[in-house]
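Heads up, target.txt below (compact mmCIF, C-alpha atoms and all ligand atoms):
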# COMPACT_ATOMS: atom_id res chain seq x y z
CA MET A 1 95.02 101.55 151.35
CA LEU A 2 93.96 98.41 153.18
CA ASN A 3 92.27 98.38 156.53
CA GLU A 4 93.41 95.82 159.12
CA LYS A 5 90.49 93.46 158.59
CA MET A 6 90.99 93.36 154.83
CA GLU A 7 94.75 92.95 155.17
CA GLU A 8 94.29 90.01 157.54
CA ALA A 9 91.73 88.36 155.22
CA LEU A 10 94.02 88.76 152.17
CA ASN A 11 96.95 87.30 154.11
CA GLU A 12 94.72 84.36 154.99
CA GLN A 13 94.00 83.92 151.28
CA ILE A 14 97.75 83.84 150.51
CA ASN A 15 97.94 80.94 152.94
CA ARG A 16 95.04 79.14 151.22
CA GLU A 17 96.69 79.59 147.81
CA MET A 18 99.99 78.29 149.17
CA TYR A 19 98.13 75.33 150.63
CA SER A 20 96.55 74.73 147.19
CA SER A 21 100.06 74.73 145.75
CA TYR A 22 101.23 72.23 148.39
CA LEU A 23 98.15 70.03 147.95
CA TYR A 24 98.66 69.80 144.19
CA LEU A 25 102.38 69.18 144.61
CA SER A 26 101.46 66.24 146.81
CA MET A 27 99.00 65.05 144.15
CA ALA A 28 101.80 65.34 141.56
CA ALA A 29 104.03 63.14 143.73
CA TYR A 30 101.19 60.65 144.26
CA SER A 31 100.45 60.56 140.50
CA SER A 32 104.09 59.65 139.82
CA THR A 33 103.89 56.95 142.48
CA ILE A 34 100.88 55.33 140.80
CA GLY A 35 102.58 55.46 137.39
CA MET A 36 100.67 58.39 135.87
CA PRO A 37 103.29 60.84 134.53
CA GLY A 38 100.70 62.89 132.59
CA PHE A 39 98.65 63.44 135.75
CA ALA A 40 101.85 64.34 137.62
CA HIS A 41 102.71 66.90 134.93
CA TRP A 42 99.18 68.37 135.04
CA PHE A 43 99.44 68.88 138.80
CA ARG A 44 102.90 70.42 138.52
CA VAL A 45 101.47 72.99 136.11
CA GLN A 46 98.64 73.53 138.60
CA VAL A 47 101.26 74.25 141.27
CA GLU A 48 102.62 77.03 139.02
CA GLU A 49 99.06 78.42 138.73
CA GLU A 50 98.61 78.42 142.48
CA ASN A 51 101.93 80.15 143.05
CA ILE A 52 100.75 82.89 140.68
CA HIS A 53 97.49 83.20 142.67
CA ALA A 54 99.46 83.59 145.90
CA MET A 55 101.98 86.05 144.43
CA LYS A 56 99.29 88.31 142.96
CA LEU A 57 97.90 88.73 146.49
CA PHE A 58 101.42 89.20 147.88
CA ASP A 59 102.11 92.01 145.39
CA TYR A 60 98.70 93.58 145.92
CA ILE A 61 99.13 93.78 149.70
CA ASN A 62 102.61 95.28 149.28
CA ASN A 63 101.49 97.75 146.62
CA GLN A 64 98.65 98.91 148.86
CA GLY A 65 101.12 99.67 151.64
CA GLY A 66 100.02 96.67 153.72
CA ARG A 67 102.11 94.03 155.49
CA VAL A 68 102.38 90.52 154.09
CA ARG A 69 102.25 87.89 156.82
CA LEU A 70 103.23 84.38 155.77
CA LYS A 71 101.60 81.81 157.97
CA GLU A 72 102.39 78.16 158.48
CA ILE A 73 101.26 75.92 155.60
CA LYS A 74 99.31 72.86 156.69
CA GLU A 75 100.67 69.45 155.63
CA PRO A 76 98.63 68.03 152.73
CA PRO A 77 97.54 64.37 152.54
CA MET A 78 99.83 61.87 150.77
CA GLU A 79 97.23 59.40 149.51
CA PHE A 80 94.40 60.27 147.14
CA GLY A 81 92.92 56.95 145.99
CA THR A 82 91.91 56.45 142.34
CA PRO A 83 92.45 59.22 139.76
CA MET A 84 88.66 59.86 139.92
CA LYS A 85 88.78 60.25 143.71
CA MET A 86 91.79 62.53 143.40
CA PHE A 87 90.01 64.83 140.94
CA GLN A 88 86.85 64.84 143.03
CA GLN A 89 89.01 66.09 145.93
CA THR A 90 90.56 68.67 143.60
CA LEU A 91 87.13 69.96 142.57
CA LYS A 92 85.96 70.06 146.19
CA HIS A 93 89.03 72.08 147.13
CA GLU A 94 88.46 74.53 144.26
CA GLN A 95 84.83 74.98 145.34
CA PHE A 96 86.13 75.85 148.80
CA ILE A 97 88.52 78.41 147.25
CA THR A 98 85.67 79.89 145.19
CA ARG A 99 83.63 80.34 148.37
CA SER A 100 86.58 81.99 150.11
CA ILE A 101 87.01 84.45 147.19
CA ASN A 102 83.29 85.28 147.37
CA GLU A 103 83.60 85.90 151.11
CA LEU A 104 86.56 88.21 150.50
CA ILE A 105 84.48 90.21 148.02
CA ASP A 106 81.64 90.40 150.55
CA LEU A 107 84.10 91.70 153.12
CA ALA A 108 85.55 94.26 150.68
CA SER A 109 82.02 95.52 149.96
CA ALA A 110 81.16 95.68 153.66
CA GLU A 111 84.37 97.66 154.28
CA LYS A 112 83.60 99.92 151.29
CA ASP A 113 86.95 98.89 149.77
CA GLU A 114 86.11 99.15 146.06
CA THR A 115 89.78 98.81 145.03
CA THR A 116 90.10 95.39 146.64
CA ALA A 117 86.67 94.29 145.38
CA SER A 118 87.79 95.18 141.86
CA PHE A 119 91.19 93.45 142.30
CA LEU A 120 89.40 90.26 143.39
CA GLN A 121 87.33 90.09 140.19
CA TRP A 122 90.34 88.45 138.50
CA TYR A 123 90.03 85.58 141.00
CA VAL A 124 86.31 85.20 140.32
CA GLU A 125 87.04 84.52 136.65
CA GLU A 126 90.01 82.36 137.49
CA GLN A 127 87.85 80.18 139.75
CA VAL A 128 85.32 79.60 136.95
CA GLU A 129 88.22 78.26 134.87
CA GLU A 130 89.65 76.19 137.73
CA GLU A 131 86.34 74.41 138.39
CA GLU A 132 85.72 73.95 134.65
CA ASN A 133 89.12 72.26 134.21
CA ASP A 134 88.40 69.82 137.04
CA ASN A 135 84.90 69.05 135.78
CA GLU A 136 86.31 68.34 132.31
CA ILE A 137 88.82 65.86 133.71
CA ILE A 138 86.15 64.24 135.89
CA ASP A 139 84.08 63.73 132.69
CA LYS A 140 87.08 62.10 131.00
CA LEU A 141 87.50 59.82 134.02
CA LYS A 142 83.80 58.92 133.83
CA SER A 143 84.31 57.83 130.24
CA PHE A 144 87.16 55.63 131.48
CA GLU A 145 84.88 54.11 134.12
CA GLU A 146 82.34 53.40 131.38
CA ASN A 147 85.09 51.66 129.38
CA LYS A 148 84.96 54.29 126.62
CA SER A 149 88.58 55.31 127.04
CA THR A 150 91.71 54.17 128.83
CA LEU A 151 93.62 55.78 131.67
CA ALA A 152 96.71 55.80 129.43
CA GLU A 153 94.82 57.98 126.91
CA ILE A 154 93.74 60.43 129.62
CA ASP A 155 97.26 60.45 131.05
CA ALA A 156 98.68 61.27 127.60
CA GLU A 157 96.20 64.16 127.23
CA LEU A 158 97.01 65.63 130.64
CA ALA A 159 100.71 65.47 129.74
CA LYS A 160 100.03 68.18 127.12
CA ARG A 161 99.03 70.88 129.61
CA LEU A 162 101.03 74.07 129.08
CA SER A 163 102.53 76.22 131.82
CA PRO A 164 100.69 79.48 132.56
CA LYS A 165 102.05 82.52 130.70
FE1 LIG B 201 93.15 76.62 142.45
O1 LIG B 201 92.76 78.42 142.57
FE2 LIG B 201 93.94 79.18 143.65
O2 LIG B 201 93.69 78.18 145.10

Can I see the file as structure tokens?
Amino acid sequence: MLNEKMEEALNEQINREMYSSYLYLSMAAYSSTIGMPGFAHWFRVQVEEENIHAMKLFDYINNQGGRVRLKEIKEPPMEFGTPMKMFQQTLKHEQFITRSINELIDLASAEKDETTASFLQWYVEEQVEEEENDNEIIDKLKSFEENKSTLAEIDAELAKRLSPK
């Protein structure tokens, strides 16, 4: 059973996950605009990931007898600069999400809500993966900046990303 404070905080996290989904959808559109179909594909898969993150919270709130409240989703930017700048923004956003998950766990502990603290562990691991993925791509883009690879090669690699199971 969720107390009001926890329910409100989890609903806020649904909104952040939906914003992540929207942000990456906008990055997918931008990637297509700059002629990078592999990047666009990678971000579309990321949108699927974010929708899963949001829906896990949605189901959890419902299963705990709480009320889901869907709030307005902020409009994401449309321009992201170079692929490097875009992935730096992606990493920065994921670091923000990691902090928000940590704050939720702190709140769950303060409220003595062990069930929610345990549920949120999945997100802790997921965030390690999310930041790792972005760092890996940033490294690839560094190698491009150092003339060790081409953007077309990186684009072709990102095109291989599989949808989440
Ligand atoms: Fe990208 O991890 Fe959710 O928001």

To check your reading of the model: which residues sit at most 8 Å from ligand LIG 201 (chain B) when counting only C-alpha atoms and all ligand atoms? Write the answer as a PyMOL selection string. chain A and resi 16-21+46+49-50+53-54+93-94+97-98+123+126-127+130

Computed interatomic separation between CA of Gly38 (chain A) and CA of Leu158 (chain A) (Å):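 We find that CA of Gly38 (chain A) and CA of Leu158 (chain A) lie 5.0 Å from each other.
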
Which is closer to Met84 (chain A) than all the others in A:Asn15, A:Ser31, A:Asn62, A:Ser26, using all atoms listed in the file? A:Ser31

Pick out the residues sitting within 9 Å of Trp42 (chain A), and hand them over as a VMD selection string; count only C-alpha atoms, and ignore anything fewer than 6 positions along from it in its own chain. chain A and resid 28 158 to 162

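What separates CA of Ile14 (chain A) from CA of Trp122 (chain A) is a distance of 14.8 Å.
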
I need the residue nearest Gly66 (chain A) from this list: A:Lys92, A:Lys112, A:Lys5, A:Lys85. Use only C-alpha atoms for the distance.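 Residue with the minimum atom-to-atom distance to Gly66 (chain A): A:Lys5.
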
Taking into account all atoms listed in the file, which residue in the set A:Met78, A:Ala108, A:Glu153, A:Glu114 is nearest to Glu8 (chain A)?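 That would be A:Ala108, the residue with the smallest distance to Glu8 (chain A).
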
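With CA of Asp139 (chain A) on one side and CA of Phe87 (chain A) on the other, the separation reads 10.2 Å.
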
Considering only C-alpha atoms, return as a list of chain:residue names whatever protein or nucleic-acid residues lie within 12 Å of Asp155 (chain A), sequence-local ones (same chain, fewer than 2 positions apart) excluded. A:Ser31, A:Ser32, A:Ile34, A:Gly35, A:Met36, A:Pro37, A:Gly38, A:Phe39, A:Ala40, A:His41, A:Trp42, A:Phe43, A:Pro83, A:Ile137, A:Lys140, A:Leu141, A:Phe144, A:Ser149, A:Thr150, A:Leu151, A:Ala152, A:Glu153, A:Glu157, A:Leu158, A:Ala159, A:Lys160, A:Arg161

Taking into account all atoms listed in the file, which residue in the set A:Leu120, A:Leu104, A:Leu10, A:Met27 is nearest to Phe80 (chain A)?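 Of all the options, A:Met27 lies closest to Phe80 (chain A).
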
Could you check which of A:Asn11, A:Met6, A:Glu129, A:Glu145 is closest to Arg69 (chain A), using only C-alpha atoms?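 For Arg69 (chain A), the nearest of the given residues is A:Asn11.
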
Between A:Glu131, A:Leu107, A:Asn147, A:Phe119, single out the one closest to Asp59 (chain A), counting all atoms listed in the file.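 Ranked by minimum distance to Asp59 (chain A), first place goes to A:Phe119.
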
Spatial neighbours of Glu111 (chain A), 12 Å, all atoms listed in the file, chain gap at least 4 places, as a PyMOL selection string: chain A and resi 1-7+9+104-107+115-117
